[in-house]
$ cat input.cif   # mmCIF, C-alpha atoms; chains and numbers go by the auth columns
data_protein
#
loop_
_atom_site.group_PDB
_atom_site.id
_atom_site.type_symbol
_atom_site.label_atom_id
_atom_site.label_comp_id
_atom_site.label_asym_id
_atom_site.label_seq_id
_atom_site.Cartn_x
_atom_site.Cartn_y
_atom_site.Cartn_z
_atom_site.B_iso_or_equiv
_atom_site.auth_seq_id
_atom_site.auth_asym_id
ATOM 1 C CA MET A 1 0.000 0.000 0.000 0.00 1 A
ATOM 2 C CA ALA A 2 1.082 3.601 -0.564 0.00 2 A
ATOM 3 C CA SER A 3 2.154 5.831 2.310 0.00 3 A
ATOM 4 C CA ALA A 4 -0.655 6.879 4.659 0.00 4 A
ATOM 5 C CA VAL A 5 -1.253 10.216 2.885 0.00 5 A
ATOM 6 C CA GLN A 6 -0.432 11.093 -0.709 0.00 6 A
ATOM 7 C CA VAL A 7 -1.236 14.630 -1.890 0.00 7 A
ATOM 8 C CA GLU A 8 -0.395 16.053 -5.309 0.00 8 A
ATOM 9 C CA ILE A 9 -1.383 19.281 -7.043 0.00 9 A
ATOM 10 C CA ARG A 10 -0.983 18.956 -10.812 0.00 10 A
ATOM 11 C CA GLN A 11 -1.076 21.177 -13.875 0.00 11 A
ATOM 12 C CA GLN A 12 -1.622 18.251 -16.257 0.00 12 A
ATOM 13 C CA PRO A 13 -4.741 16.088 -16.670 0.00 13 A
ATOM 14 C CA PHE A 14 -4.711 12.645 -15.064 0.00 14 A
ATOM 15 C CA SER A 15 -6.678 9.427 -15.371 0.00 15 A
ATOM 16 C CA PRO A 16 -8.345 8.810 -12.008 0.00 16 A
ATOM 17 C CA TRP A 17 -8.691 5.094 -12.752 0.00 17 A
ATOM 18 C CA ALA A 18 -4.986 4.693 -13.549 0.00 18 A
ATOM 19 C CA GLU A 19 -4.093 6.668 -10.426 0.00 19 A
ATOM 20 C CA LEU A 20 -6.291 4.462 -8.243 0.00 20 A
ATOM 21 C CA GLU A 21 -4.807 1.315 -9.783 0.00 21 A
ATOM 22 C CA GLN A 22 -1.294 2.584 -9.097 0.00 22 A
ATOM 23 C CA TRP A 23 -2.194 3.682 -5.559 0.00 23 A
ATOM 24 C CA GLY A 24 -3.341 0.116 -4.906 0.00 24 A
ATOM 25 C CA GLY A 25 -3.835 -1.265 -1.449 0.00 25 A
ATOM 26 C CA ASP A 26 -5.674 -4.197 0.039 0.00 26 A
ATOM 27 C CA ALA A 27 -8.031 -2.511 2.495 0.00 27 A
ATOM 28 C CA ALA A 28 -11.460 -4.033 3.035 0.00 28 A
ATOM 29 C CA ALA A 29 -13.136 -0.770 1.976 0.00 29 A
ATOM 30 C CA ASP A 30 -12.307 2.070 -0.383 0.00 30 A
ATOM 31 C CA ALA A 31 -14.280 5.280 -0.796 0.00 31 A
ATOM 32 C CA VAL A 32 -13.647 7.430 -3.854 0.00 32 A
ATOM 33 C CA PHE A 33 -14.836 10.867 -4.909 0.00 33 A
ATOM 34 C CA LEU A 34 -14.185 12.096 -8.428 0.00 34 A
ATOM 35 C CA GLY A 35 -15.028 15.707 -9.253 0.00 35 A
ATOM 36 C CA ARG A 36 -15.297 17.333 -12.683 0.00 36 A
ATOM 37 C CA VAL A 37 -15.545 20.973 -13.733 0.00 37 A
ATOM 38 C CA ARG A 38 -19.185 22.058 -13.934 0.00 38 A
ATOM 39 C CA GLY A 39 -20.583 23.419 -17.189 0.00 39 A
ATOM 40 C CA GLN A 40 -22.159 26.450 -15.536 0.00 40 A
ATOM 41 C CA THR A 41 -20.876 29.408 -13.559 0.00 41 A
ATOM 42 C CA MET A 42 -22.007 29.985 -9.974 0.00 42 A
ATOM 43 C CA ASP A 43 -24.724 32.314 -11.319 0.00 43 A
ATOM 44 C CA GLY A 44 -25.935 29.841 -13.967 0.00 44 A
ATOM 45 C CA ARG A 45 -24.265 31.089 -17.159 0.00 45 A
ATOM 46 C CA THR A 46 -22.407 28.763 -19.530 0.00 46 A
ATOM 47 C CA LEU A 47 -18.833 28.259 -18.293 0.00 47 A
ATOM 48 C CA GLN A 48 -16.010 28.518 -20.844 0.00 48 A
ATOM 49 C CA ALA A 49 -13.238 27.543 -18.438 0.00 49 A
ATOM 50 C CA LEU A 50 -12.311 27.419 -14.767 0.00 50 A
ATOM 51 C CA GLU A 51 -8.913 28.724 -13.719 0.00 51 A
ATOM 52 C CA LEU A 52 -7.396 27.581 -10.431 0.00 52 A
ATOM 53 C CA GLU A 53 -4.389 28.923 -8.573 0.00 53 A
ATOM 54 C CA HIS A 54 -2.958 27.657 -5.311 0.00 54 A
ATOM 55 C CA TYR A 55 -0.389 28.580 -2.695 0.00 55 A
ATOM 56 C CA ALA A 56 2.261 26.005 -3.651 0.00 56 A
ATOM 57 C CA GLY A 57 3.718 24.071 -0.743 0.00 57 A
ATOM 58 C CA LEU A 58 1.277 25.456 1.797 0.00 58 A
ATOM 59 C CA CYS A 59 -1.718 24.035 -0.067 0.00 59 A
ATOM 60 C CA GLU A 60 -0.286 20.512 -0.115 0.00 60 A
ATOM 61 C CA GLN A 61 0.699 20.743 3.556 0.00 61 A
ATOM 62 C CA CYS A 62 -2.796 21.943 4.584 0.00 62 A
ATOM 63 C CA ILE A 63 -4.403 19.031 2.758 0.00 63 A
ATOM 64 C CA LYS A 64 -1.905 16.514 4.169 0.00 64 A
ATOM 65 C CA THR A 65 -2.410 17.756 7.742 0.00 65 A
ATOM 66 C CA SER A 66 -6.184 17.579 7.347 0.00 66 A
ATOM 67 C CA ALA A 67 -5.956 14.074 5.870 0.00 67 A
ATOM 68 C CA GLN A 68 -3.749 12.820 8.707 0.00 68 A
ATOM 69 C CA THR A 69 -6.152 14.229 11.306 0.00 69 A
ATOM 70 C CA LEU A 70 -9.206 12.742 9.591 0.00 70 A
ATOM 71 C CA LEU A 71 -7.583 9.333 9.063 0.00 71 A
ATOM 72 C CA SER A 72 -7.006 9.184 12.804 0.00 72 A
ATOM 73 C CA GLU A 73 -10.473 10.487 13.665 0.00 73 A
ATOM 74 C CA TYR A 74 -12.286 8.011 11.409 0.00 74 A
ATOM 75 C CA GLU A 75 -9.855 5.131 12.002 0.00 75 A
ATOM 76 C CA ALA A 76 -9.050 4.914 8.307 0.00 76 A
ATOM 77 C CA ASP A 77 -5.743 3.698 6.867 0.00 77 A
ATOM 78 C CA ALA A 78 -4.689 5.849 3.924 0.00 78 A
ATOM 79 C CA ALA A 79 -5.748 8.789 1.774 0.00 79 A
ATOM 80 C CA LEU A 80 -5.028 9.940 -1.756 0.00 80 A
ATOM 81 C CA VAL A 81 -5.774 13.494 -2.908 0.00 81 A
ATOM 82 C CA LEU A 82 -5.028 14.688 -6.440 0.00 82 A
ATOM 83 C CA HIS A 83 -6.125 18.180 -7.487 0.00 83 A
ATOM 84 C CA ARG A 84 -5.694 20.093 -10.722 0.00 84 A
ATOM 85 C CA VAL A 85 -4.675 23.721 -11.091 0.00 85 A
ATOM 86 C CA GLY A 86 -4.404 25.911 -14.176 0.00 86 A
ATOM 87 C CA ARG A 87 -7.065 26.413 -16.832 0.00 87 A
ATOM 88 C CA LEU A 88 -9.622 23.585 -17.006 0.00 88 A
ATOM 89 C CA LEU A 89 -12.556 23.046 -19.329 0.00 89 A
ATOM 90 C CA PRO A 90 -16.041 21.846 -18.351 0.00 90 A
ATOM 91 C CA GLY A 91 -16.103 18.090 -17.862 0.00 91 A
ATOM 92 C CA GLU A 92 -12.388 17.777 -17.045 0.00 92 A
ATOM 93 C CA VAL A 93 -11.428 15.886 -13.893 0.00 93 A
ATOM 94 C CA ILE A 94 -10.457 18.431 -11.241 0.00 94 A
ATOM 95 C CA VAL A 95 -10.166 16.376 -8.047 0.00 95 A
ATOM 96 C CA LEU A 96 -9.773 12.804 -6.855 0.00 96 A
ATOM 97 C CA VAL A 97 -10.127 11.916 -3.170 0.00 97 A
ATOM 98 C CA ALA A 98 -9.810 8.298 -2.056 0.00 98 A
ATOM 99 C CA VAL A 99 -9.630 6.630 1.345 0.00 99 A
ATOM 100 C CA HIS A 100 -8.680 3.088 2.380 0.00 100 A
ATOM 101 C CA ALA A 101 -10.195 1.720 5.609 0.00 101 A
ATOM 102 C CA ASP A 102 -11.166 -1.524 7.289 0.00 102 A
ATOM 103 C CA ARG A 103 -14.874 -0.633 7.251 0.00 103 A
ATOM 104 C CA ARG A 104 -17.139 1.076 4.689 0.00 104 A
ATOM 105 C CA GLY A 105 -18.427 3.648 7.195 0.00 105 A
ATOM 106 C CA ALA A 106 -14.923 4.774 8.083 0.00 106 A
ATOM 107 C CA ALA A 107 -13.925 4.978 4.420 0.00 107 A
ATOM 108 C CA LEU A 108 -17.062 6.853 3.298 0.00 108 A
ATOM 109 C CA ASN A 109 -17.181 9.267 6.226 0.00 109 A
ATOM 110 C CA CYS A 110 -13.474 10.042 6.097 0.00 110 A
ATOM 111 C CA CYS A 111 -13.604 10.617 2.336 0.00 111 A
ATOM 112 C CA ALA A 112 -16.566 13.011 2.678 0.00 112 A
ATOM 113 C CA ALA A 113 -14.935 14.933 5.539 0.00 113 A
ATOM 114 C CA LEU A 114 -11.637 15.177 3.669 0.00 114 A
ATOM 115 C CA LEU A 115 -13.373 16.508 0.568 0.00 115 A
ATOM 116 C CA GLU A 116 -15.188 19.187 2.608 0.00 116 A
ATOM 117 C CA ASP A 117 -11.950 20.244 4.332 0.00 117 A
ATOM 118 C CA LEU A 118 -10.247 20.409 0.943 0.00 118 A
ATOM 119 C CA LYS A 119 -13.037 22.485 -0.627 0.00 119 A
ATOM 120 C CA HIS A 120 -13.306 24.973 2.223 0.00 120 A
ATOM 121 C CA GLY A 121 -9.880 25.014 3.889 0.00 121 A
ATOM 122 C CA ALA A 122 -7.146 24.563 1.278 0.00 122 A
ATOM 123 C CA PRO A 123 -5.693 27.742 -0.271 0.00 123 A
ATOM 124 C CA PHE A 124 -7.098 27.538 -3.805 0.00 124 A
ATOM 125 C CA TRP A 125 -8.419 30.500 -5.791 0.00 125 A
ATOM 126 C CA LYS A 126 -10.905 30.030 -8.627 0.00 126 A
ATOM 127 C CA ARG A 127 -11.755 32.243 -11.569 0.00 127 A
ATOM 128 C CA GLU A 128 -14.702 31.447 -13.814 0.00 128 A
ATOM 129 C CA TRP A 129 -14.446 32.413 -17.481 0.00 129 A
ATOM 130 C CA CYS A 130 -17.666 33.319 -19.282 0.00 130 A
ATOM 131 C CA ASP A 131 -18.030 35.344 -22.491 0.00 131 A
ATOM 132 C CA GLY A 132 -14.289 36.090 -22.428 0.00 132 A
ATOM 133 C CA GLN A 133 -14.443 37.668 -18.955 0.00 133 A
ATOM 134 C CA GLY A 134 -12.851 36.183 -15.849 0.00 134 A
ATOM 135 C CA THR A 135 -14.499 36.521 -12.448 0.00 135 A
ATOM 136 C CA TRP A 136 -12.725 35.502 -9.228 0.00 136 A
ATOM 137 C CA LEU A 137 -15.002 33.584 -6.869 0.00 137 A
ATOM 138 C CA ALA A 138 -15.399 34.803 -3.299 0.00 138 A
ATOM 139 C CA SER A 139 -16.533 31.422 -1.969 0.00 139 A
ATOM 140 C CA ASN A 140 -16.692 27.777 -2.885 0.00 140 A
ATOM 141 C CA THR A 141 -19.693 25.770 -3.973 0.00 141 A
ATOM 142 C CA PRO A 142 -22.033 24.521 -1.252 0.00 142 A
ATOM 143 C CA ARG A 143 -22.322 20.809 -0.563 0.00 143 A
#
$ encode --input "input.cif" --output "structure tokens"
Amino acid sequence: MASAVQVEIRQQPFSPWAELEQWGGDAAADAVFLGRVRGQTMDGRTLQALELEHYAGLCEQCIKTSAQTLLSEYEADAALVLHRVGRLLPGEVIVLVAVHADRRGAALNCCAALLEDLKHGAPFWKREWCDGQGTWLASNTPR
């Protein structure tokens, strides 16, 4: 199995299925969340692209610290977090969160909590592009 927490922020697209296969593991339960870029802006217009920036180094450390805390809290074994930055088009994979655990409840609950911490606590900045204009978002999407 991979180390307890693996966090990577990437510019390039990735195949979530290949990443999960490579991550491996033999836990009794795995929970996986795969997120894609929405096709609409926060106010409902057609999205051309989503641009993401992050605070390199700090962002990864925030996510890793959160993952370590949540693995302990939910008695889960390992976590994988992959997140894209740069300019992404609607439908592109933007985030992969996966958790290995001995029980389904631990895996599912830890994965959900880790995703929420990532969405609301990691230093990412998003700009939606619509009709050639970019608008920085003041908040993240609700659950």
$ residues_around --input "input.cif" --residues "Arg104 (chain A)" --least-positions-apart "4" --cutoff "12 Å" --atoms "only C-alpha atoms" --output "PyMOL selection string"
chain A and resi 27-32+74-77+99-100+108-111
$ resolve_selection --input "input.cif" --expression "the PyMOL selection byres ((chain A and resi 16) around 9)" --output "list in words"
Phe14, Ser15, Trp17, Ala18, Glu19, Leu20, Glu21, Leu34, Leu82, Val93, Val95 and Leu96 of chain A
$ residues_near_point --input "input.cif" --point "(-17.3, 21.9, -17.7)" --cutoff "12 Å" --atoms "only C-alpha atoms" --output "ChimeraX atom specification"
/A:35-41,45-51,87-94,128-130
$ resolve_selection --input "input.cif" --expression "the PyMOL selection byres ((chain A and resi 56-61) around 7)" --output "list in words"
Val7, Glu8, His54, Tyr55, Cys62, Ile63, Lys64, Thr65, Ala122 and Pro123 of chain A
$ resolve_selection --input "input.cif" --expression "the PyMOL selection byres ((chain A and resi 52) around 6)" --output "VMD selection string"
chain A and resid 51 53 85 to 86 125 to 126
$ write_last_selection --input "input.cif" --atoms "C-alpha atoms" --output "PDB file, keeping the file's coordinate frame"
ATOM      1  CA  GLU A  51      -8.913  28.724 -13.719  1.00  0.00           C
ATOM      2  CA  GLU A  53      -4.389  28.923  -8.573  1.00  0.00           C
ATOM      3  CA  VAL A  85      -4.675  23.721 -11.091  1.00  0.00           C
ATOM      4  CA  GLY A  86      -4.404  25.911 -14.176  1.00  0.00           C
ATOM      5  CA  TRP A 125      -8.419  30.500  -5.791  1.00  0.00           C
ATOM      6  CA  LYS A 126     -10.905  30.030  -8.627  1.00  0.00           C
TER       7      LYS A 126
END
$ closest_residue --input "input.cif" --among "A:Arg10, A:Gly25, A:Ala67, A:Met42" --to "Leu118 (chain A)" --atoms "only C-alpha atoms"
A:Ala67
$ build_atoms --input "input.cif" --residues "region 78-89 of chain A" --atoms "all heavy atoms" --output "PDB file, in the frame of the given file"
ATOM      1  N   ALA A  78      -5.482   5.084   4.892  1.00  0.00           N
ATOM      2  CA  ALA A  78      -4.689   5.849   3.924  1.00  0.00           C
ATOM      3  C   ALA A  78      -5.601   6.767   3.119  1.00  0.00           C
ATOM      4  O   ALA A  78      -6.789   6.498   2.965  1.00  0.00           O
ATOM      5  CB  ALA A  78      -3.942   4.900   2.985  1.00  0.00           C
ATOM      6  N   ALA A  79      -4.998   7.841   2.593  1.00  0.00           N
ATOM      7  CA  ALA A  79      -5.748   8.789   1.774  1.00  0.00           C
ATOM      8  C   ALA A  79      -4.918   9.208   0.569  1.00  0.00           C
ATOM      9  O   ALA A  79      -3.692   9.332   0.652  1.00  0.00           O
ATOM     10  CB  ALA A  79      -6.132  10.016   2.590  1.00  0.00           C
ATOM     11  N   LEU A  80      -5.623   9.435  -0.523  1.00  0.00           N
ATOM     12  CA  LEU A  80      -5.028   9.940  -1.756  1.00  0.00           C
ATOM     13  C   LEU A  80      -5.825  11.169  -2.173  1.00  0.00           C
ATOM     14  O   LEU A  80      -7.051  11.114  -2.253  1.00  0.00           O
ATOM     15  CB  LEU A  80      -5.115   8.881  -2.869  1.00  0.00           C
ATOM     16  CG  LEU A  80      -4.750   9.325  -4.284  1.00  0.00           C
ATOM     17  CD1 LEU A  80      -3.266   9.661  -4.378  1.00  0.00           C
ATOM     18  CD2 LEU A  80      -5.125   8.236  -5.291  1.00  0.00           C
ATOM     19  N   VAL A  81      -5.123  12.280  -2.422  1.00  0.00           N
ATOM     20  CA  VAL A  81      -5.774  13.494  -2.908  1.00  0.00           C
ATOM     21  C   VAL A  81      -4.972  14.016  -4.090  1.00  0.00           C
ATOM     22  O   VAL A  81      -3.784  14.325  -3.953  1.00  0.00           O
ATOM     23  CB  VAL A  81      -5.862  14.591  -1.822  1.00  0.00           C
ATOM     24  CG1 VAL A  81      -6.495  15.859  -2.397  1.00  0.00           C
ATOM     25  CG2 VAL A  81      -6.631  14.099  -0.607  1.00  0.00           C
ATOM     26  N   LEU A  82      -5.623  14.095  -5.246  1.00  0.00           N
ATOM     27  CA  LEU A  82      -5.028  14.688  -6.440  1.00  0.00           C
ATOM     28  C   LEU A  82      -5.928  15.847  -6.852  1.00  0.00           C
ATOM     29  O   LEU A  82      -7.150  15.686  -6.910  1.00  0.00           O
ATOM     30  CB  LEU A  82      -4.940  13.680  -7.577  1.00  0.00           C
ATOM     31  CG  LEU A  82      -4.179  12.391  -7.295  1.00  0.00           C
ATOM     32  CD1 LEU A  82      -4.223  11.478  -8.519  1.00  0.00           C
ATOM     33  CD2 LEU A  82      -2.749  12.671  -6.897  1.00  0.00           C
ATOM     34  N   HIS A  83      -5.334  16.999  -7.119  1.00  0.00           N
ATOM     35  CA  HIS A  83      -6.125  18.180  -7.487  1.00  0.00           C
ATOM     36  C   HIS A  83      -5.435  18.901  -8.625  1.00  0.00           C
ATOM     37  O   HIS A  83      -4.218  19.045  -8.633  1.00  0.00           O
ATOM     38  CB  HIS A  83      -6.264  19.115  -6.287  1.00  0.00           C
ATOM     39  CG  HIS A  83      -7.481  19.985  -6.347  1.00  0.00           C
ATOM     40  ND1 HIS A  83      -7.670  20.955  -7.309  1.00  0.00           N
ATOM     41  CD2 HIS A  83      -8.579  20.018  -5.552  1.00  0.00           C
ATOM     42  CE1 HIS A  83      -8.828  21.550  -7.096  1.00  0.00           C
ATOM     43  NE2 HIS A  83      -9.405  21.009  -6.034  1.00  0.00           N
ATOM     44  N   ARG A  84      -6.218  19.337  -9.588  1.00  0.00           N
ATOM     45  CA  ARG A  84      -5.694  20.093 -10.722  1.00  0.00           C
ATOM     46  C   ARG A  84      -5.646  21.579 -10.414  1.00  0.00           C
ATOM     47  O   ARG A  84      -6.444  22.088  -9.638  1.00  0.00           O
ATOM     48  CB  ARG A  84      -6.604  19.904 -11.944  1.00  0.00           C
ATOM     49  CG  ARG A  84      -6.617  18.528 -12.563  1.00  0.00           C
ATOM     50  CD  ARG A  84      -5.455  18.260 -13.500  1.00  0.00           C
ATOM     51  NE  ARG A  84      -5.236  19.314 -14.477  1.00  0.00           N
ATOM     52  CZ  ARG A  84      -5.921  19.466 -15.610  1.00  0.00           C
ATOM     53  NH1 ARG A  84      -6.888  18.623 -15.935  1.00  0.00           N
ATOM     54  NH2 ARG A  84      -5.624  20.451 -16.445  1.00  0.00           N
ATOM     55  N   VAL A  85      -4.719  22.266 -11.056  1.00  0.00           N
ATOM     56  CA  VAL A  85      -4.675  23.721 -11.091  1.00  0.00           C
ATOM     57  C   VAL A  85      -4.419  24.124 -12.536  1.00  0.00           C
ATOM     58  O   VAL A  85      -4.096  23.292 -13.373  1.00  0.00           O
ATOM     59  CB  VAL A  85      -3.588  24.315 -10.156  1.00  0.00           C
ATOM     60  CG1 VAL A  85      -3.941  24.081  -8.697  1.00  0.00           C
ATOM     61  CG2 VAL A  85      -2.216  23.755 -10.480  1.00  0.00           C
ATOM     62  N   GLY A  86      -4.561  25.421 -12.816  1.00  0.00           N
ATOM     63  CA  GLY A  86      -4.404  25.911 -14.176  1.00  0.00           C
ATOM     64  C   GLY A  86      -5.764  26.149 -14.789  1.00  0.00           C
ATOM     65  O   GLY A  86      -6.766  26.324 -14.087  1.00  0.00           O
ATOM     66  N   ARG A  87      -5.806  26.158 -16.099  1.00  0.00           N
ATOM     67  CA  ARG A  87      -7.065  26.413 -16.832  1.00  0.00           C
ATOM     68  C   ARG A  87      -7.691  25.074 -17.218  1.00  0.00           C
ATOM     69  O   ARG A  87      -7.078  24.284 -17.938  1.00  0.00           O
ATOM     70  CB  ARG A  87      -6.775  27.254 -18.065  1.00  0.00           C
ATOM     71  CG  ARG A  87      -8.014  27.754 -18.768  1.00  0.00           C
ATOM     72  CD  ARG A  87      -7.617  28.712 -19.891  1.00  0.00           C
ATOM     73  NE  ARG A  87      -8.750  29.162 -20.646  1.00  0.00           N
ATOM     74  CZ  ARG A  87      -9.364  30.327 -20.464  1.00  0.00           C
ATOM     75  NH1 ARG A  87      -8.919  31.163 -19.544  1.00  0.00           N
ATOM     76  NH2 ARG A  87     -10.394  30.663 -21.199  1.00  0.00           N
ATOM     77  N   LEU A  88      -8.905  24.840 -16.754  1.00  0.00           N
ATOM     78  CA  LEU A  88      -9.622  23.585 -17.006  1.00  0.00           C
ATOM     79  C   LEU A  88     -10.932  23.865 -17.722  1.00  0.00           C
ATOM     80  O   LEU A  88     -11.572  24.893 -17.484  1.00  0.00           O
ATOM     81  CB  LEU A  88      -9.932  22.871 -15.686  1.00  0.00           C
ATOM     82  CG  LEU A  88      -8.756  22.240 -14.954  1.00  0.00           C
ATOM     83  CD1 LEU A  88      -8.002  23.271 -14.152  1.00  0.00           C
ATOM     84  CD2 LEU A  88      -9.248  21.152 -14.043  1.00  0.00           C
ATOM     85  N   LEU A  89     -11.315  22.931 -18.565  1.00  0.00           N
ATOM     86  CA  LEU A  89     -12.556  23.046 -19.329  1.00  0.00           C
ATOM     87  C   LEU A  89     -13.672  22.248 -18.653  1.00  0.00           C
ATOM     88  O   LEU A  89     -13.401  21.296 -17.911  1.00  0.00           O
ATOM     89  CB  LEU A  89     -12.335  22.533 -20.749  1.00  0.00           C
ATOM     90  CG  LEU A  89     -11.257  23.261 -21.547  1.00  0.00           C
ATOM     91  CD1 LEU A  89     -11.079  22.609 -22.911  1.00  0.00           C
ATOM     92  CD2 LEU A  89     -11.576  24.742 -21.678  1.00  0.00           C
TER      93      LEU A  89
END
